[in-house]
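Enquirer: The structure under discussion is supplied below as C-alpha coordinates; questions concerning it will follow.
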Amino acid sequence: MAKKKSVRTIKVSKESKAKLAKLFSCTDRMVYKALCFESQTLLARKIQYVARKEMGGWVEAAVPEDEIFYDTMDGGERLMRQYFNNGAVLEVSMTTGEGVVMFKGSPKHHYSEVLVSDIPTIQDYARQLR
(Lines give C-alpha, C1' and ligand atoms only; values in the text may rest on other atoms or scores of the structure.)
Protein backbone atom coordinates (compact mmCIF):
# COMPACT_ATOMS: atom_id res chain seq x y z
CA MET A 1 0.00 0.00 0.00
CA ALA A 2 1.42 3.39 -1.01
CA LYS A 3 2.11 5.93 1.68
CA LYS A 4 -0.13 8.99 1.60
CA LYS A 5 1.84 12.15 0.85
CA SER A 6 1.74 14.76 3.59
CA VAL A 7 -0.45 17.73 2.87
CA ARG A 8 1.61 19.97 5.15
CA THR A 9 5.29 20.89 4.90
CA ILE A 10 7.44 23.32 6.83
CA LYS A 11 9.37 25.40 4.29
CA VAL A 12 12.87 26.59 5.17
CA SER A 13 15.97 27.35 3.14
CA LYS A 14 18.48 24.69 2.12
CA GLU A 15 20.98 26.26 4.50
CA SER A 16 18.49 26.06 7.38
CA LYS A 17 17.94 22.36 6.69
CA ALA A 18 21.70 21.77 6.93
CA LYS A 19 21.83 23.79 10.18
CA LEU A 20 18.98 21.74 11.63
CA ALA A 21 20.77 18.48 10.83
CA LYS A 22 23.95 19.76 12.45
CA LEU A 23 22.16 21.29 15.47
CA PHE A 24 20.30 18.07 16.26
CA SER A 25 23.10 15.69 15.15
CA CYS A 26 20.81 13.85 12.78
CA THR A 27 20.63 12.94 9.11
CA ASP A 28 19.25 15.07 6.30
CA ARG A 29 16.59 12.38 5.92
CA MET A 30 15.43 12.91 9.53
CA VAL A 31 15.14 16.66 8.93
CA TYR A 32 13.12 15.96 5.76
CA LYS A 33 10.78 13.57 7.60
CA ALA A 34 10.27 16.11 10.38
CA LEU A 35 9.60 19.02 8.01
CA CYS A 36 7.11 16.92 6.00
CA PHE A 37 5.38 15.71 9.20
CA GLU A 38 6.22 12.09 8.29
CA SER A 39 7.74 11.64 11.73
CA GLN A 40 6.27 12.85 15.03
CA THR A 41 8.97 11.68 17.41
CA LEU A 42 10.28 14.04 20.08
CA LEU A 43 13.25 14.84 17.83
CA ALA A 44 10.95 15.59 14.88
CA ARG A 45 8.81 17.93 16.98
CA LYS A 46 11.94 19.75 18.18
CA ILE A 47 13.13 20.16 14.58
CA GLN A 48 9.68 21.48 13.57
CA TYR A 49 9.66 23.95 16.47
CA VAL A 50 13.14 25.35 15.77
CA ALA A 51 12.50 25.52 12.02
CA ARG A 52 9.40 27.66 12.56
CA LYS A 53 10.39 29.75 15.60
CA GLU A 54 14.07 30.37 14.99
CA MET A 55 14.70 29.84 11.27
CA GLY A 56 11.74 31.65 9.74
CA GLY A 57 10.03 28.50 8.51
CA TRP A 58 6.37 28.52 7.50
CA VAL A 59 3.83 25.79 6.96
CA GLU A 60 2.53 25.23 3.46
CA ALA A 61 -0.54 23.10 2.91
CA ALA A 62 -1.38 21.37 -0.35
CA VAL A 63 -4.96 21.64 -1.50
CA PRO A 64 -6.82 19.88 -4.29
CA GLU A 65 -6.40 21.48 -7.69
CA ASP A 66 -10.11 22.26 -8.06
CA GLU A 67 -10.46 25.98 -8.73
CA ILE A 68 -12.93 28.28 -6.95
CA PHE A 69 -14.08 31.66 -8.27
CA TYR A 70 -16.19 34.27 -6.54
CA ASP A 71 -18.30 36.54 -8.77
CA THR A 72 -20.80 39.33 -8.31
CA MET A 73 -23.41 39.35 -11.06
CA ASP A 74 -24.94 42.51 -12.59
CA GLY A 75 -28.01 42.16 -10.35
CA GLY A 76 -25.84 42.03 -7.22
CA GLU A 77 -26.06 38.26 -6.68
CA ARG A 78 -22.82 36.86 -5.30
CA LEU A 79 -21.78 33.41 -6.60
CA MET A 80 -19.18 30.86 -5.68
CA ARG A 81 -18.25 28.60 -8.59
CA GLN A 82 -15.94 25.63 -8.29
CA TYR A 83 -14.64 23.83 -11.36
CA PHE A 84 -13.50 20.22 -10.92
CA ASN A 85 -11.00 18.23 -12.97
CA ASN A 86 -13.75 15.82 -14.10
CA GLY A 87 -15.76 18.65 -15.70
CA ALA A 88 -18.27 19.10 -12.87
CA VAL A 89 -19.16 22.62 -11.71
CA LEU A 90 -20.50 23.53 -8.27
CA GLU A 91 -22.32 26.85 -8.15
CA VAL A 92 -23.63 28.30 -4.88
CA SER A 93 -25.39 31.63 -4.51
CA MET A 94 -23.97 33.39 -1.49
CA THR A 95 -27.00 35.68 -1.69
CA THR A 96 -29.79 33.07 -1.62
CA GLY A 97 -27.93 29.99 -0.32
CA GLU A 98 -29.10 27.87 -3.25
CA GLY A 99 -26.68 25.62 -5.07
CA VAL A 100 -26.44 23.30 -8.05
CA VAL A 101 -23.95 20.73 -9.29
CA MET A 102 -23.67 20.70 -13.08
CA PHE A 103 -22.03 17.93 -15.09
CA LYS A 104 -21.49 18.03 -18.85
CA GLY A 105 -23.76 21.06 -19.10
CA SER A 106 -26.77 19.65 -17.28
CA PRO A 107 -27.82 20.02 -13.66
CA LYS A 108 -27.25 16.87 -11.60
CA HIS A 109 -28.35 17.98 -8.14
CA HIS A 110 -29.99 21.08 -6.64
CA TYR A 111 -29.47 22.24 -3.06
CA SER A 112 -31.37 24.79 -1.01
CA GLU A 113 -30.02 26.61 2.02
CA VAL A 114 -26.42 25.45 1.55
CA LEU A 115 -24.40 25.87 4.74
CA VAL A 116 -20.61 26.14 4.82
CA SER A 117 -20.58 22.80 6.67
CA ASP A 118 -22.44 21.21 3.70
CA ILE A 119 -19.88 22.22 1.09
CA PRO A 120 -17.32 19.39 1.62
CA THR A 121 -20.06 16.76 1.10
CA ILE A 122 -21.31 18.53 -2.04
CA GLN A 123 -17.72 18.82 -3.34
CA ASP A 124 -17.18 15.08 -2.83
CA TYR A 125 -20.37 14.37 -4.78
CA ALA A 126 -19.19 16.62 -7.65
CA ARG A 127 -15.71 15.03 -7.71
CA GLN A 128 -17.17 11.53 -8.02
CA LEU A 129 -19.35 12.23 -11.08
CA ARG A 130 -18.30 10.26 -14.16
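Residues are referred to by chain and number: the chain letter is A, B, ... according to the order shown in the C-alpha coordinates, the number counts from 1 in that chain, and ligands are numbered separately from 1 in the order shown.
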Go through chain A and collect every residue that DSSP, computed from the backbone, puts in strand (DSSP E); the answer should be as a PyMOL selection string.
Expert: chain A and resi 8-11+58-61+67-72+78-83+88-93+99-103+106-111
Enquirer: Would you mind exporting N, CA, C and O atoms of the selected residues as a CSV table (one decimal), in the first residue's frame?
Expert:
chain,number,residue,atom,x,y,z
A,8,ARG,N,1.0,18.8,4.5
A,8,ARG,CA,1.6,20.0,5.2
A,8,ARG,C,3.1,19.8,5.1
A,8,ARG,O,3.6,18.7,5.3
A,9,THR,N,3.8,20.9,4.9
A,9,THR,CA,5.3,20.9,4.9
A,9,THR,C,5.8,22.2,5.5
A,9,THR,O,5.2,23.2,5.2
A,10,ILE,N,6.8,22.1,6.3
A,10,ILE,CA,7.4,23.3,6.8
A,10,ILE,C,8.5,23.7,5.8
A,10,ILE,O,9.4,22.9,5.5
A,11,LYS,N,8.4,24.9,5.3
A,11,LYS,CA,9.4,25.4,4.3
A,11,LYS,C,10.5,26.2,5.0
A,11,LYS,O,10.2,27.2,5.7
A,58,TRP,N,7.8,28.4,7.5
A,58,TRP,CA,6.4,28.5,7.5
A,58,TRP,C,5.8,27.2,7.0
A,58,TRP,O,6.4,26.5,6.3
A,59,VAL,N,4.5,27.0,7.4
A,59,VAL,CA,3.8,25.8,7.0
A,59,VAL,C,3.1,26.1,5.7
A,59,VAL,O,2.3,27.0,5.6
A,60,GLU,N,3.3,25.2,4.7
A,60,GLU,CA,2.5,25.2,3.5
A,60,GLU,C,1.6,24.0,3.4
A,60,GLU,O,2.1,22.9,3.8
A,61,ALA,N,0.4,24.2,3.0
A,61,ALA,CA,-0.5,23.1,2.9
A,61,ALA,C,-1.0,22.9,1.5
A,61,ALA,O,-1.3,23.9,0.8
A,67,GLU,N,-10.5,24.5,-8.8
A,67,GLU,CA,-10.5,26.0,-8.7
A,67,GLU,C,-11.8,26.5,-8.2
A,67,GLU,O,-12.8,26.0,-8.6
A,68,ILE,N,-11.7,27.6,-7.4
A,68,ILE,CA,-12.9,28.3,-7.0
A,68,ILE,C,-12.9,29.7,-7.4
A,68,ILE,O,-11.8,30.4,-7.2
A,69,PHE,N,-14.0,30.3,-7.9
A,69,PHE,CA,-14.1,31.7,-8.3
A,69,PHE,C,-15.3,32.3,-7.5
A,69,PHE,O,-16.3,31.6,-7.4
A,70,TYR,N,-15.1,33.5,-7.2
A,70,TYR,CA,-16.2,34.3,-6.5
A,70,TYR,C,-16.5,35.4,-7.5
A,70,TYR,O,-15.7,36.2,-7.9
A,71,ASP,N,-17.8,35.5,-7.8
A,71,ASP,CA,-18.3,36.5,-8.8
A,71,ASP,C,-19.5,37.3,-8.2
A,71,ASP,O,-20.2,36.8,-7.4
A,72,THR,N,-19.6,38.5,-8.6
A,72,THR,CA,-20.8,39.3,-8.3
A,72,THR,C,-21.4,39.6,-9.7
A,72,THR,O,-20.8,40.2,-10.5
A,78,ARG,N,-24.2,37.3,-5.5
A,78,ARG,CA,-22.8,36.9,-5.3
A,78,ARG,C,-22.8,35.3,-5.5
A,78,ARG,O,-23.5,34.6,-4.8
A,79,LEU,N,-21.9,34.8,-6.3
A,79,LEU,CA,-21.8,33.4,-6.6
A,79,LEU,C,-20.4,32.9,-6.3
A,79,LEU,O,-19.4,33.5,-6.5
A,80,MET,N,-20.4,31.6,-5.8
A,80,MET,CA,-19.2,30.9,-5.7
A,80,MET,C,-19.3,29.7,-6.7
A,80,MET,O,-20.3,29.0,-6.8
A,81,ARG,N,-18.3,29.7,-7.6
A,81,ARG,CA,-18.2,28.6,-8.6
A,81,ARG,C,-17.0,27.8,-8.4
A,81,ARG,O,-15.9,28.4,-8.3
A,82,GLN,N,-17.1,26.5,-8.4
A,82,GLN,CA,-15.9,25.6,-8.3
A,82,GLN,C,-15.9,24.7,-9.5
A,82,GLN,O,-16.9,24.0,-9.7
A,83,TYR,N,-14.8,24.7,-10.2
A,83,TYR,CA,-14.6,23.8,-11.4
A,83,TYR,C,-13.8,22.6,-11.0
A,83,TYR,O,-12.7,22.8,-10.5
A,88,ALA,N,-17.1,18.7,-13.7
A,88,ALA,CA,-18.3,19.1,-12.9
A,88,ALA,C,-18.1,20.6,-12.4
A,88,ALA,O,-16.9,21.0,-12.3
A,89,VAL,N,-19.2,21.2,-12.2
A,89,VAL,CA,-19.2,22.6,-11.7
A,89,VAL,C,-20.1,22.7,-10.5
A,89,VAL,O,-21.3,22.3,-10.6
A,90,LEU,N,-19.7,23.3,-9.4
A,90,LEU,CA,-20.5,23.5,-8.3
A,90,LEU,C,-20.7,25.0,-8.2
A,90,LEU,O,-19.8,25.8,-8.3
A,91,GLU,N,-22.0,25.4,-8.2
A,91,GLU,CA,-22.3,26.8,-8.2
A,91,GLU,C,-23.2,27.1,-7.0
A,91,GLU,O,-24.3,26.4,-6.8
A,92,VAL,N,-22.8,28.0,-6.1
A,92,VAL,CA,-23.6,28.3,-4.9
A,92,VAL,C,-23.8,29.8,-4.8
A,92,VAL,O,-22.9,30.6,-4.9
A,93,SER,N,-25.1,30.2,-4.7
A,93,SER,CA,-25.4,31.6,-4.5
A,93,SER,C,-25.1,32.0,-3.1
A,93,SER,O,-25.8,31.5,-2.2
A,99,GLY,N,-27.8,26.1,-4.3
A,99,GLY,CA,-26.7,25.6,-5.1
A,99,GLY,C,-27.1,24.6,-6.1
A,99,GLY,O,-28.2,24.0,-6.0
A,100,VAL,N,-26.2,24.3,-7.0
A,100,VAL,CA,-26.4,23.3,-8.0
A,100,VAL,C,-25.1,22.7,-8.5
A,100,VAL,O,-24.1,23.4,-8.5
A,101,VAL,N,-25.1,21.4,-8.7
A,101,VAL,CA,-23.9,20.7,-9.3
A,101,VAL,C,-24.3,20.4,-10.7
A,101,VAL,O,-25.3,19.8,-11.0
A,102,MET,N,-23.5,20.9,-11.6
A,102,MET,CA,-23.7,20.7,-13.1
A,102,MET,C,-22.6,19.7,-13.5
A,102,MET,O,-21.5,19.7,-13.0
A,103,PHE,N,-23.0,18.9,-14.5
A,103,PHE,CA,-22.0,17.9,-15.1
A,103,PHE,C,-22.3,17.8,-16.6
A,103,PHE,O,-23.5,17.5,-16.9
A,106,SER,N,-25.4,19.8,-17.8
A,106,SER,CA,-26.8,19.7,-17.3
A,106,SER,C,-26.7,19.5,-15.8
A,106,SER,O,-25.8,19.0,-15.2
A,107,PRO,N,-27.8,20.1,-15.1
A,107,PRO,CA,-27.8,20.0,-13.7
A,107,PRO,C,-28.0,18.6,-13.2
A,107,PRO,O,-28.8,17.8,-13.7
A,108,LYS,N,-27.2,18.2,-12.2
A,108,LYS,CA,-27.3,16.9,-11.6
A,108,LYS,C,-27.9,16.9,-10.2
A,108,LYS,O,-28.6,15.9,-9.9
A,109,HIS,N,-27.8,17.9,-9.5
A,109,HIS,CA,-28.4,18.0,-8.1
A,109,HIS,C,-28.5,19.4,-7.7
A,109,HIS,O,-27.6,20.2,-7.9
A,110,HIS,N,-29.7,19.7,-7.2
A,110,HIS,CA,-30.0,21.1,-6.6
A,110,HIS,C,-30.0,21.0,-5.1
A,110,HIS,O,-30.4,20.0,-4.5
A,111,TYR,N,-29.5,22.1,-4.5
A,111,TYR,CA,-29.5,22.2,-3.1
A,111,TYR,C,-30.1,23.6,-2.7
A,111,TYR,O,-30.0,24.6,-3.3
Enquirer: List the spatial neighbours of Arg29 (chain A) as a list in words - criterion: any atom at most 12 Å away, only C-alpha atoms, same-chain residues fewer than 5 positions off excluded.
Expert: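 Contacts, in chain order: Lys17, Ala18, Leu20, Ala21, Ala34, Leu35, Cys36, Glu38, Ser39 and Ala44 of chain A.
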Enquirer: Go through A:Lys19, A:Glu113, A:Gly105, A:Thr96 and flag the residue nearest Val50 (chain A), using only C-alpha atoms for the distances.
Expert: A:Lys19
Enquirer: How many Å lie between CA of Leu42 (chain A) and CA of Ala62 (chain A), rounded to one decimal?
Expert: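 A separation of 24.6 Å between them.
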Enquirer: When DSSP is applied to the backbone of this structure, which of chain A are assigned helix (DSSP H, G or I)? Write them out as a ChimeraX atom specification.
Expert: /A:14-23,28-35,42-53,116-127
Enquirer: Using only C-alpha atoms, determine which residues lie at most 12 Å from Glu15 (chain A), disregarding the query and same-chain residues fewer than 5 positions distant; provide the list as a list in words.
Expert: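 So, after excluding close chain neighbours, the residues are Leu20, Ala21, Lys22, Asp28, Ala51, Met55, Gly56 and Gly57 of chain A.
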Enquirer: Please write the residues from the selection above to a file, keeping N, CA and C atoms, as a PDB file, in the first residue's frame.
Expert:
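To be explicit, this is the file written out as again_22.pdb:
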ATOM      1  N   LEU A  20      19.804  22.585  10.767  1.00  0.00           N
ATOM      2  CA  LEU A  20      18.979  21.738  11.630  1.00  0.00           C
ATOM      3  C   LEU A  20      19.608  20.363  11.818  1.00  0.00           C
ATOM      4  N   ALA A  21      20.118  19.787  10.741  1.00  0.00           N
ATOM      5  CA  ALA A  21      20.766  18.478  10.826  1.00  0.00           C
ATOM      6  C   ALA A  21      21.986  18.541  11.744  1.00  0.00           C
ATOM      7  N   LYS A  22      22.761  19.600  11.610  1.00  0.00           N
ATOM      8  CA  LYS A  22      23.955  19.761  12.449  1.00  0.00           C
ATOM      9  C   LYS A  22      23.563  20.032  13.898  1.00  0.00           C
ATOM     10  N   ASP A  28      20.098  14.216   7.150  1.00  0.00           N
ATOM     11  CA  ASP A  28      19.250  15.067   6.304  1.00  0.00           C
ATOM     12  C   ASP A  28      17.879  14.437   6.133  1.00  0.00           C
ATOM     13  N   ALA A  51      12.625  25.066  13.410  1.00  0.00           N
ATOM     14  CA  ALA A  51      12.500  25.516  12.018  1.00  0.00           C
ATOM     15  C   ALA A  51      11.511  26.681  11.919  1.00  0.00           C
ATOM     16  N   MET A  55      14.110  29.808  12.613  1.00  0.00           N
ATOM     17  CA  MET A  55      14.697  29.839  11.272  1.00  0.00           C
ATOM     18  C   MET A  55      13.731  30.385  10.227  1.00  0.00           C
ATOM     19  N   GLY A  56      12.664  30.998  10.666  1.00  0.00           N
ATOM     20  CA  GLY A  56      11.738  31.646   9.737  1.00  0.00           C
ATOM     21  C   GLY A  56      10.928  30.700   8.876  1.00  0.00           C
ATOM     22  N   GLY A  57      10.790  29.457   9.296  1.00  0.00           N
ATOM     23  CA  GLY A  57      10.027  28.498   8.514  1.00  0.00           C
ATOM     24  C   GLY A  57       8.530  28.779   8.574  1.00  0.00           C
TER      25      GLY A  57
END
Enquirer: Find the distance between CA of Val31 (chain A) and CA of Gln48 (chain A) and write it in Å to one decimal.
Expert: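 Computed distance, CA of Val31 (chain A) to CA of Gln48 (chain A), equals 8.6 Å.
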Enquirer: So the first atom is CA of Ala126 (chain A) and the second is CA of Phe84 (chain A); what is the distance between them in Å, to one decimal place?
Expert: 7.5 Å
